[in-house]
Amino acid sequence: MSAAAIHPAGGEPADLGWERTLSVAGRRLRVGVRPGTDPAVRPLVLVNGIGASLELFEPLVAALDPRREVVRFDVPGIGGSQGSTVPLPMAALSTLLADLLDQLDGLTPSPHRVVDVLGLSWGGGIAQQFALQYPQRTGRLVLVSTGTGVMMVPARFGVLARMLTPRRYNDPSYRRDAGREIYVGEDPDAVDALFSRVSPVRATAYLHQLFALTTWTSLPVLPFITAPALVLAGRRDPVIPVVNAHLMGSLLRRGRVHLHEGGHLGLLTRPHELGETVEQFLDQP
C-alpha cells in the first residue's frame, strides 16, 4: 500500500513510498519505507516521539534527499502496530528494530546491515540504545530534542504534567491549551497540522512507552557510543531543556551539538531548513 503524498515546498506531491504490516519476532509491526534512488547511500531509520505514529514524520521524509532510503515504523501499540501485553524496555525495543531491519532485506534495493538512525524525543532513547547494542550496525546517529532518560535535567513540573497522558493527541482543543507550555517556539497552526496526521493514541500503549523511558538511562554509557552523533536541539524547547544537549554532546565520544531557535518539534515544523542540517551530517565522509 502506498503512503499518501503531501506537498513539500514547491507544490509538487512528495513520494512517501509504501506502508505495510510485517511480522517481526512474532509481532505485527506497521512500517513505512520510501525506497532510495541510490542503494550505495545508507538507509535512514526514523524513530518517533512518545505516542506518535509514523505519519508525524511525513514533512521530514518529503524534505530528505530522494537518494536516501527512509524507514519509519510504529512501535508496539501505536498506530497500526500490534500492542504488547506487558511494557517493553528500551533494550527489547532496540532488538525489535534490529529484527525489523532484517525483515526489510530483499524488500528494497538498499541493504540494511548498517543504517543511520534518527531518534526524536522519546525515540532518541531507542536510537541511543540501538547504537549501544548494535555498534556495528550503526552508521551515524542523529539525536533530536532528546535526553538521557530518567537521569537528565527535567522539564518544569507543569510541562511534565501535560506529557503524562496522550490527551494532546486525541483532543485538539486540549492540544492548543497544552501547546502554550509544551510547544513554545512553534507555530500553533503548524503543530496542529502535524498532529492531525497521526493516529489516536491508546492510554495503555502510551503508559507502556512511559515505562520504557522511566526505567532507562544512557547517561553512564554515552561515552561507549562509537558512532558519530549529531545532537539537534531547540533553544526554546521546554520539554527537553537545552542543557541536556550540551551534556550529551560533551559525553558522546564523537558527538557535536547543533542548536536552532525553535522548540521541541522544530525538525518537523521547519523540515527543509533543519533537514538540510541532518543531510549534511549524514553525508560527511
# chains A, B, ... in the order shown; residues from 1 in each chain; ligands from 1

$ closest_atom_pairs --of "range 169-237 of chain A" --to "range 250-268 of chain A" --cutoff "6 Å" --atoms "only C-alpha atoms" --output "CSV"
residue,atom,partner,partner_atom,distance
A:Val184,CA,A:Gly263,CA,5.7
A:Gly185,CA,A:Gly263,CA,4.6
A:Glu186,CA,A:Gly263,CA,5.9
A:Leu222,CA,A:Leu252,CA,5.4
A:Pro223,CA,A:Leu252,CA,4.9
A:Pro228,CA,A:Arg254,CA,4.8
A:Ala229,CA,A:Gly255,CA,4.5
A:Leu230,CA,A:Arg256,CA,5.2
A:Val231,CA,A:Val257,CA,4.6
A:Leu232,CA,A:His258,CA,5.0
A:Ala233,CA,A:Leu259,CA,5.0
A:Gly234,CA,A:Gly263,CA,4.7
A:Arg235,CA,A:Glu261,CA,5.4
A:Arg236,CA,A:Gly263,CA,4.8
A:Asp237,CA,A:Gly263,CA,4.1

$ select_by_dssp --residues "range 152-241 of chain A" --states "strand (DSSP E)" --output "number ranges by chain"
A: 229-234

$ closest_residue --among "A:Val24, A:Met152, A:Val278, A:Leu104" --to "Thr214 in chain A" --atoms "only C-alpha atoms"
A:Met152

$ select_by_dssp --residues "range 10-248 of chain A" --states "alpha helix (DSSP H)" --output "PyMOL selection string"
chain A and resi 58-63+90-104+123-133+157-162+167-170+172-182+188-195+203-214+243-248
